[in-house]
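As provided, model-v9.txt (compact mmCIF, C-alpha atoms) reads as follows.
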```txt
# COMPACT_ATOMS: atom_id res chain seq x y z
CA LYS W 1 97.04 -6.10 95.41
CA ALA W 2 97.05 -2.86 93.44
CA VAL W 3 99.16 -2.67 90.31
CA SER W 4 100.16 0.18 88.03
CA GLY W 5 97.77 1.39 85.36
CA ASN W 6 97.56 0.15 81.80
CA LEU W 7 99.63 2.58 79.73
CA ASP W 8 98.10 1.43 76.44
CA ASN W 9 95.06 3.61 77.00
CA ILE W 10 94.91 6.72 79.20
CA TRP W 11 91.18 6.21 79.67
CA ASP W 12 91.54 2.69 81.06
CA ASN W 13 91.45 2.87 84.86
CA SER W 14 90.75 -0.83 85.43
CA LYS W 15 94.22 -1.48 86.86
CA SER W 16 94.97 1.88 88.49
CA SER W 17 96.80 1.68 91.82
CA LEU W 18 94.08 3.34 93.87
CA ASP W 19 93.52 0.96 96.77
CA LEU W 20 95.50 2.78 99.45
CA GLU W 21 94.43 6.27 98.42
CA LEU W 22 90.75 5.31 98.40
CA PHE W 23 91.12 3.57 101.75
CA GLN W 24 92.55 6.72 103.34
CA GLU W 25 89.83 8.86 101.78
CA ALA W 26 87.15 6.57 103.24
CA TYR W 27 88.53 5.76 106.70
CA ALA W 28 91.05 8.37 107.89
CA PRO W 29 89.71 9.80 111.17
CA THR W 30 90.61 13.42 110.29
CA LYS W 31 89.01 15.49 107.54
CA SER W 32 92.35 16.97 106.46
CA MET W 33 93.73 13.49 105.71
CA ARG W 34 90.61 12.45 103.83
CA LEU W 35 90.84 15.51 101.58
CA CYS W 36 94.63 15.56 101.21
CA ASN W 37 95.82 15.68 97.61
CA ARG W 38 92.20 15.69 96.46
CA SER W 39 90.93 19.23 97.10
CA VAL W 40 92.03 22.10 94.86
CA ILE W 41 93.46 25.19 96.57
CA PRO W 42 90.92 28.01 95.95
CA ASN W 43 91.75 30.41 93.12
CA GLN W 44 94.70 28.31 91.98
CA SER W 45 95.05 26.18 88.86
CA VAL W 46 96.14 22.57 89.08
CA GLU W 47 99.37 21.53 87.39
CA LEU W 48 100.62 18.15 86.24
CA ARG W 49 104.37 18.36 86.94
CA TYR W 50 107.37 16.17 86.13
CA ASN W 51 110.57 16.57 88.14
CA PRO W 52 113.68 15.59 86.12
CA SER W 53 115.76 15.29 89.31
CA THR W 54 113.53 12.63 90.89
CA GLY W 55 112.07 11.14 87.71
CA LYS W 56 108.57 11.42 89.18
CA SER W 57 105.35 13.27 88.40
CA ARG W 58 102.76 14.84 90.69
CA PHE W 59 99.74 17.13 90.72
CA SER W 60 100.34 20.53 92.32
CA GLY W 61 97.87 23.15 93.45
CA LEU W 62 96.17 20.71 95.84
CA MET W 63 95.63 20.98 99.57
CA SER W 64 97.91 18.88 101.83
CA CYS W 65 97.47 17.84 105.46
CA ASP W 66 101.22 17.57 106.35
CA ASN W 67 100.48 14.55 108.53
CA ALA W 68 103.51 12.24 108.79
CA LEU W 69 101.14 9.22 108.57
CA CYS W 70 99.34 10.44 105.44
CA LEU W 71 100.02 8.44 102.28
CA HIS W 72 100.52 11.61 100.26
CA CYS W 73 102.61 13.49 102.83
CA TYR W 74 104.58 10.53 104.24
CA LYS W 75 107.78 10.99 102.23
CA ARG W 76 107.57 14.77 101.89
CA THR W 77 107.35 15.33 105.65
CA ARG W 78 110.42 13.14 106.17
CA ALA W 79 112.49 14.34 103.22
CA LYS W 80 114.22 17.31 104.87
CA ALA W 81 115.16 15.34 107.99
CA VAL W 82 116.50 12.49 105.83
CA GLU W 83 118.57 14.85 103.67
CA THR W 84 119.95 16.77 106.67
CA THR W 85 120.83 13.58 108.56
CA ALA W 86 122.53 12.08 105.50
CA ARG W 87 124.66 15.21 105.04
CA ALA W 88 125.53 15.29 108.73
CA LEU W 89 126.57 11.62 108.77
CA SER W 90 128.67 12.10 105.65
CA GLN W 91 130.44 15.12 107.16
CA ALA W 92 130.94 13.32 110.49
CA HIS W 93 132.56 10.43 108.63
CA THR W 94 134.79 12.83 106.67
CA ASP W 95 135.86 14.49 109.94
CA GLY W 96 136.70 11.13 111.52
CA TRP W 97 133.82 11.05 114.00
CA ALA W 98 132.54 7.78 115.52
CA GLY W 99 128.91 6.65 115.39
CA LEU W 100 126.47 4.51 117.34
CA PHE W 101 123.00 3.47 116.17
CA LEU W 102 120.41 2.97 118.93
CA THR W 103 117.15 1.03 118.86
CA LEU W 104 115.28 1.57 122.14
CA THR W 105 112.09 -0.18 123.19
CA LEU W 106 109.54 -0.29 126.03
CA PRO W 107 107.57 -2.90 127.96
CA LYS W 108 103.96 -3.35 126.82
CA PHE W 109 101.75 -0.27 127.18
CA ALA W 110 98.78 1.20 125.34
CA VAL W 111 100.08 3.19 122.37
CA GLU W 112 98.83 6.44 123.89
CA GLU W 113 101.11 5.85 126.91
CA GLN W 114 104.05 4.64 124.82
CA ILE W 115 104.51 7.97 123.06
CA ILE W 116 104.64 9.95 126.32
CA ILE W 117 107.07 7.52 127.94
CA LEU W 118 109.37 7.34 124.91
CA ASN W 119 109.72 11.11 124.68
CA LYS W 120 110.39 11.59 128.39
CA CYS W 121 112.91 8.79 128.55
CA PHE W 122 114.72 9.88 125.40
CA ASN W 123 115.13 13.37 126.84
CA ASN W 124 116.58 11.83 130.00
CA LEU W 125 118.92 9.64 127.95
CA THR W 126 120.27 12.49 125.82
CA ALA W 127 120.91 14.56 128.97
CA ASN W 128 122.99 11.69 130.39
CA ILE W 129 124.90 11.19 127.13
CA ARG W 130 125.64 14.91 126.79
CA ALA W 131 126.89 15.09 130.39
CA TRP W 132 129.12 12.03 129.86
CA CYS W 133 130.56 13.53 126.66
CA LYS W 134 131.05 17.00 128.16
CA LYS W 135 133.33 15.61 130.87
CA ARG W 136 135.53 14.12 128.15
CA GLY W 137 135.45 17.05 125.76
CA ILE W 138 133.42 15.18 123.15
CA GLU W 139 130.83 16.77 120.88
CA VAL W 140 127.70 14.71 120.25
CA GLY W 141 125.01 14.91 117.56
CA TYR W 142 121.90 12.84 117.01
CA THR W 143 118.71 12.43 115.00
CA PHE W 144 115.62 11.16 116.83
CA GLY W 145 113.34 8.85 114.83
CA LEU W 146 110.05 7.51 116.21
CA ASP W 147 108.81 4.26 114.70
CA PHE W 148 106.18 1.62 115.38
CA THR W 149 105.06 -1.77 114.13
CA ILE W 150 101.58 -3.27 114.26
CA ASN W 151 100.57 -6.84 114.98
CA PRO W 152 96.75 -7.01 114.73
CA MET W 153 96.69 -10.59 116.03
CA LYS W 154 97.80 -9.56 119.53
CA GLU W 155 95.67 -8.29 122.40
CA TYR W 156 94.67 -4.60 122.54
CA ASN W 157 97.64 -3.14 124.48
CA LYS W 158 100.17 -5.25 122.57
CA GLN W 159 99.03 -4.55 119.02
CA ILE W 160 101.17 -1.44 118.51
CA HIS W 161 104.85 -1.48 119.39
CA SER W 162 106.47 1.97 119.42
CA HIS W 163 110.25 2.35 119.57
CA ILE W 164 113.07 4.74 118.73
CA HIS W 165 115.77 4.55 116.07
CA THR W 166 118.52 7.15 116.40
CA PRO W 167 122.06 7.57 115.08
CA PHE W 168 124.49 9.31 117.46
CA VAL W 169 127.81 10.73 116.24
CA PHE W 170 130.76 11.65 118.46
CA SER W 171 133.72 13.88 117.64
CA GLN W 172 136.01 11.32 119.25
CA LEU W 173 135.37 7.92 120.76
CA ASP W 174 137.94 5.15 121.11
CA MET W 175 137.01 1.47 121.37
CA ASP W 176 137.10 1.40 125.17
CA GLN W 177 134.83 4.45 125.33
CA GLN W 178 132.46 2.88 122.79
CA ARG W 179 132.13 -0.24 124.93
CA GLU W 180 131.67 1.81 128.10
CA LEU W 181 129.10 4.14 126.54
CA THR W 182 127.17 1.23 125.02
CA GLU W 183 126.65 -0.33 128.44
CA LYS W 184 125.80 3.01 130.04
CA ILE W 185 123.22 3.82 127.36
CA LYS W 186 121.40 0.57 128.08
CA ASP W 187 121.56 1.21 131.84
CA TRP W 188 120.40 4.83 131.55
CA TRP W 189 117.50 3.86 129.29
CA CYS W 190 116.27 0.99 131.46
CA LYS W 191 116.49 3.05 134.66
CA SER W 192 114.69 5.99 133.05
CA VAL W 193 111.83 3.82 131.75
CA LEU W 194 111.46 2.20 135.18
CA ARG W 195 111.38 5.61 136.87
CA VAL W 196 108.89 7.14 134.40
CA SER W 197 106.55 4.16 133.88
CA GLY W 198 107.04 1.84 136.83
CA LYS W 199 107.99 -1.01 134.50
CA ARG W 200 111.50 -2.21 133.70
CA PRO W 201 112.22 -2.88 130.01
CA ALA W 202 114.26 -5.89 128.94
CA ARG W 203 117.89 -4.80 128.79
CA SER W 204 118.55 -7.38 126.08
CA ALA W 205 115.95 -5.69 123.86
CA GLN W 206 117.93 -2.42 123.75
CA ASP W 207 120.25 -2.48 120.76
CA VAL W 208 123.37 -0.32 120.38
CA ARG W 209 125.57 -0.87 117.31
CA ILE W 210 128.70 0.73 115.95
CA ILE W 211 127.97 2.51 112.66
CA LYS W 212 130.28 1.13 109.99
CA ASP W 213 128.76 2.62 106.84
CA PHE W 214 127.93 6.32 107.13
CA ASP W 215 125.70 6.35 104.05
CA GLY W 216 122.17 7.45 103.29
CA ALA W 217 120.67 4.10 104.27
CA ILE W 218 120.89 5.02 107.97
CA SER W 219 119.01 8.28 107.56
CA THR W 220 116.29 6.74 105.38
CA TYR W 221 115.88 3.89 107.87
CA THR W 222 115.71 6.25 110.86
CA MET W 223 112.89 8.21 109.21
CA LYS W 224 111.33 5.08 107.64
CA MET W 225 111.52 6.52 104.13
CA SER W 226 111.93 3.02 102.73
CA ALA W 227 110.85 -0.40 103.94
CA VAL W 228 113.54 -2.10 101.86
CA LYS W 229 116.29 -2.17 104.45
CA THR W 230 116.22 -3.33 108.05
CA ALA W 231 118.36 -1.72 110.73
CA GLN W 232 121.00 -4.42 110.37
CA GLU W 233 121.21 -3.86 106.60
CA ALA W 234 121.37 -0.09 107.02
CA ILE W 235 124.18 -0.23 109.58
CA ASN W 236 126.40 -3.10 108.49
CA GLY W 237 124.74 -5.08 105.72
CA ALA W 238 123.48 -7.99 107.86
CA LYS W 239 120.02 -9.24 106.98
CA LYS W 240 117.26 -9.71 109.51
CA SER W 241 115.49 -13.04 109.18
CA THR W 242 112.27 -12.44 111.10
CA SER W 243 109.55 -9.82 111.25
CA HIS W 244 107.74 -8.64 114.38
CA GLY W 245 104.81 -6.86 112.76
CA TYR W 246 103.69 -4.60 109.94
CA GLY W 247 105.26 -1.24 109.17
CA TRP W 248 102.80 1.62 108.62
CA ILE W 249 102.55 1.48 104.82
CA GLU W 250 102.47 -2.33 104.92
CA PHE W 251 99.63 -2.16 107.44
CA ILE W 252 97.60 0.27 105.31
CA SER W 253 98.06 -2.13 102.37
CA LEU W 254 96.66 -4.93 104.54
CA CYS W 255 93.71 -2.75 105.60
CA ALA W 256 92.96 -1.68 102.02
CA SER W 257 92.97 -5.27 100.81
CA GLN W 258 90.57 -6.54 103.48
CA HIS W 259 88.43 -3.61 104.77
CA ASN W 260 88.16 -5.52 108.05
CA GLU W 261 86.48 -3.62 110.92
CA LYS W 262 89.16 -4.59 113.45
CA LEU W 263 91.96 -3.44 111.14
CA ILE W 264 90.17 -0.17 110.39
CA ALA W 265 89.77 0.47 114.14
CA ILE W 266 93.52 -0.05 114.68
CA TYR W 267 94.31 2.22 111.72
CA GLN W 268 92.16 5.02 113.15
CA ARG W 269 93.50 4.50 116.66
CA VAL W 270 97.10 4.89 115.50
CA ILE W 271 96.38 8.15 113.65
CA LYS W 272 94.57 9.61 116.64
CA ALA W 273 97.33 8.52 119.07
CA PHE W 274 100.14 10.06 117.00
CA LYS W 275 98.27 13.25 116.07
CA GLY W 276 100.55 16.26 116.57
CA LYS W 277 103.52 14.13 117.64
CA LYS W 278 107.01 14.65 116.20
CA PHE W 279 108.36 11.60 114.43
CA PHE W 280 111.87 12.98 113.95
CA ARG W 281 114.11 15.79 115.14
CA LEU W 282 117.81 16.71 115.00
CA ASN W 283 119.91 18.40 117.67
CA LYS W 284 122.04 21.50 116.93
CA VAL W 285 125.32 19.60 116.44
CA MET W 286 123.70 17.39 113.79
CA LYS W 287 122.28 20.44 112.00
CA ASP W 288 125.65 22.22 112.14
CA LEU W 289 127.41 19.19 110.64
CA ALA W 290 124.89 19.15 107.81
CA GLU W 291 125.63 22.77 106.94
CA VAL W 292 129.29 22.02 106.12
CA ILE W 293 128.77 21.64 102.38
CA ILE W 294 131.29 22.35 99.66
CA GLU W 295 129.65 24.82 97.27
CA ASP W 296 130.78 22.87 94.21
CA GLU W 297 128.89 19.84 95.44
CA LYS W 298 125.54 21.60 95.53
CA GLU W 299 123.33 20.40 92.74
CA GLN W 300 121.74 22.93 90.48
CA GLU W 301 117.98 22.88 90.65
CA VAL W 302 116.38 21.49 87.51
CA GLU W 303 113.12 23.13 86.53
CA ASP W 304 109.99 20.98 86.48
CA VAL W 305 108.05 20.34 83.30
CA ALA W 306 104.53 21.56 84.04
CA VAL W 307 101.16 21.54 82.26
CA SER W 308 98.29 23.52 83.77
CA MET W 309 94.66 22.41 83.76
CA SER W 310 91.35 23.75 85.03
CA SER W 311 90.07 22.69 88.42
CA ASN W 312 87.01 21.12 86.82
CA LEU W 313 89.11 18.88 84.58
CA PHE W 314 91.20 17.74 87.53
CA ILE W 315 88.11 16.90 89.57
CA ALA W 316 86.71 14.93 86.61
CA VAL W 317 89.96 12.99 86.27
CA GLN W 318 89.83 12.28 89.99
CA GLU W 319 86.18 11.20 89.91
CA LEU W 320 87.01 8.74 87.13
CA ASP W 321 89.97 7.37 89.12
CA LEU W 322 92.45 8.36 86.41
CA LYS W 323 94.97 10.31 88.51
CA GLN W 324 97.54 7.55 88.92
CA LEU W 325 97.25 6.58 85.27
CA TRP W 326 97.84 10.14 84.05
CA LEU W 327 100.85 10.43 86.34
CA SER W 328 102.21 7.17 84.91
CA VAL W 329 101.84 8.36 81.33
CA PHE W 330 103.37 11.77 82.12
CA THR W 331 106.35 10.16 83.87
CA ASP W 332 106.88 7.46 81.28
CA TYR W 333 106.93 9.96 78.43
CA HIS W 334 109.48 12.29 80.05
CA LEU W 335 111.61 9.51 81.50
CA ASN W 336 111.64 7.04 78.61
CA GLY W 337 110.07 8.83 75.64
CA ARG W 338 107.23 6.32 75.48
CA ASN W 339 103.44 6.74 75.13
CA GLN W 340 103.67 9.98 73.15
CA SER W 341 100.17 9.72 71.68
CA GLN W 342 98.62 9.28 75.14
CA TYR W 343 100.81 12.07 76.49
CA ASP W 344 99.72 14.38 73.68
CA GLU W 345 96.06 13.62 74.44
CA ILE W 346 96.53 14.57 78.09
CA VAL W 347 98.36 17.82 77.24
CA ALA W 348 95.68 18.74 74.66
CA LEU W 349 92.93 18.20 77.23
CA CYS W 350 94.76 20.29 79.83
CA ARG W 351 95.29 23.19 77.44
CA HIS W 352 91.72 23.06 76.20
CA SER W 353 90.46 23.10 79.79
CA LEU W 354 92.21 26.44 80.39
CA ILE W 355 90.56 27.92 77.30
CA MET W 356 87.10 26.69 78.35
CA GLY W 357 87.50 27.59 82.04
CA ASP W 358 84.23 27.38 83.96
CA LYS W 359 82.24 27.01 80.74
CA MET W 360 82.82 23.29 81.08
CA SER W 361 81.60 21.79 84.34
CA VAL W 362 82.96 18.70 86.04
CA ASN W 363 80.12 16.66 84.56
CA ASP W 364 80.88 18.05 81.10
CA TRP W 365 84.48 16.85 81.42
CA ILE W 366 83.37 13.46 82.70
CA ASP W 367 81.09 13.08 79.66
CA ASN W 368 83.89 14.22 77.39
CA ILE W 369 86.38 11.71 78.80
CA ILE W 370 83.86 8.87 78.72
CA HIS W 371 83.07 9.72 75.10
CA GLN W 372 86.76 9.45 74.21
CA LYS W 373 86.89 6.05 75.87
CA TYR W 374 83.61 4.84 74.35
CA PRO W 375 83.09 7.01 71.22
CA ASN W 376 80.32 4.79 69.85
CA ASN W 377 78.21 4.85 73.00
CA THR W 378 78.07 8.55 73.86
CA ALA W 379 76.56 11.17 71.61
CA ASN W 380 77.37 14.88 71.31
CA ALA W 381 80.39 14.83 73.59
CA VAL W 382 82.07 18.14 74.32
CA CYS W 383 85.39 18.45 72.48
```
Same coordinates, now as structure tokens:
Amino acid sequence: KAVSGNLDNIWDNSKSSLDLELFQEAYAPTKSMRLCNRSVIPNQSVELRYNPSTGKSRFSGLMSCDNALCLHCYKRTRAKAVETTARALSQAHTDGWAGLFLTLTLPKFAVEEQIIILNKCFNNLTANIRAWCKKRGIEVGYTFGLDFTINPMKEYNKQIHSHIHTPFVFSQLDMDQQRELTEKIKDWWCKSVLRVSGKRPARSAQDVRIIKDFDGAISTYTMKMSAVKTAQEAINGAKKSTSHGYGWIEFISLCASQHNEKLIAIYQRVIKAFKGKKFFRLNKVMKDLAEVIIEDEKEQEVEDVAVSMSSNLFIAVQELDLKQLWLSVFTDYHLNGRNQSQYDEIVALCRHSLIMGDKMSVNDWIDNIIHQKYPNNTANAVC
């Protein structure tokens, strides 16, 4: 299992947390994912940046693939939907709206079929819910979240289990209407799946719960921003005692630790099956709720702390597997004031790289860094 780098020495990469990143670089089935966060944007300098608002550091000036299953893009592609959903839920709660959280599943199909069926049936379901609400003068908002778990021990068509998590909010809904709508949602879903696929899903597997806590946990769970909370914890604090498979990041961790051919094949199959598919979307009512923000509550943007470096230095750092370690030092210094000497070394290298420009090649920088790690074993290092 990968662990964070050793902060005692910025040149020591022996414990860098590289396993997942290197696995993606080696086995992702698309070139854009393999190169994501590794290739420098042409004619642009790379920056090492610390964000005071998040307390995290990153390299900027690198190409990104924007794939929702990419390790580097996973959180970024979900961030806006999470933020918008959280604001909408908060405003709905303030306005006295009611909420239901749906988890909808299918019978067993190949993953390629599951995605098509889920989208068609969800569209049918939302049409039925909107029609039911319109007759009663109720506004309805929702966020669609596509999720899946993986169980590599099962047979081919049962290894990947796709399903939907979605919070619905209603401008008014008494207890009798909640009970009625809960039953209708299950009926509408099961009938739609049967009509679209020819198979009837288990009605007992469709879960509809009243939302009690309208906090950010629901939005992060819907978009799978964090694996910490289960649906039960996100909605009402109840813990789930069993697991039915690996989440995506958990599965990549398993793949990276074993490099098993069967696991790699499943990993590549999932990425190909979900290519171009939307993992989350909000309807207009949800977006409108999110826009009701009191101006005084808007946070002022805090400017990043940034240090520029040459492309050649960045590539050398990457070739030596030092990226995660440099990020750790940069973050730790700005967050806790620690590791100043290591931080100063990094900043000095970055500034010197801009002065040298293309006069120092990638190999020159690699030699220079190795010399600083092993000063007695390398002669005439470039300073």
Original post:
Of the candidates W:Cys350, W:Ala92, W:Leu313, W:Ala81, which one gets nearest to Ser219 in chain W if we count all atoms listed in the file?
Top reply: W:Ala81
**OP:** Would you mind telling me which residue in W:Glu319, W:Asp95, W:Glu112, W:Asp304 lies nearest to Tyr156 in chain W when using all atoms listed in the file?
**Re:** W:Glu112
Subject >> Residue nearest Lys158 in chain W - candidates W:Gln114, W:Thr126, W:Ser353, W:Thr182, atoms counted: all atoms listed in the file >> reply: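 Ranked by minimum distance to Lys158 in chain W, first place goes to W:Gln114.
Among the candidates W:Asp207, W:Ile129, W:Ser32, W:Met153, the residue lying nearest to Cys73 in chain W is W:Ser32 (atoms considered: only C-alpha atoms).
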Subject >> Distance criterion (only C-alpha atoms): nearest to Asp19 in chain W out of W:Gln206, W:Ser253, W:Gln159, W:Thr149 >> reply: W:Ser253
Original post:
Pick from W:Val82, W:Ala131, W:Val40, W:Leu20: nearest to Trp248 in chain W, with only C-alpha atoms counted?
Top reply: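 Looking at the shortest contact to Trp248 in chain W, the residue is W:Leu20.
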**OP:** For Arg351 in chain W, please output as a list in words all residues within 9 Å (counting all atoms listed in the file; exclusion window: fewer than 3 positions along the same chain).
**Re:**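 The contact residues come out as Val307, Ser308, Met309, Ser310, Ile346, Val347, Ala348, Leu354, Ile355 and Met356 of chain W.
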**OP:** Extract, using all atoms listed in the file, all DNA, RNA and protein residues at most 12 Å from Phe122 in chain W, discarding same-chain residues fewer than 3 positions from it, and format them as number ranges by chain.
**Re:** W: 102-106, 114-119, 125-129, 142-146, 163-166, 185-186, 188-193, 196, 281
**OP:** Determine, counting only C-alpha atoms, which protein, DNA and RNA residues have an atom within 12 Å of an atom of Leu48 in chain W; residues of the same chain fewer than 3 positions away are not included. Present the result as a ChimeraX atom specification.
**Re:** /W:45,51,56-62,304-311,313-314,317,323-324,326-331,343,346-347,349-351
Original post:
Any idea what the distance is between CA of Glu83 in chain W and CA of Leu254 in chain W?
Top reply: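 A separation of 29.5 Å between them.
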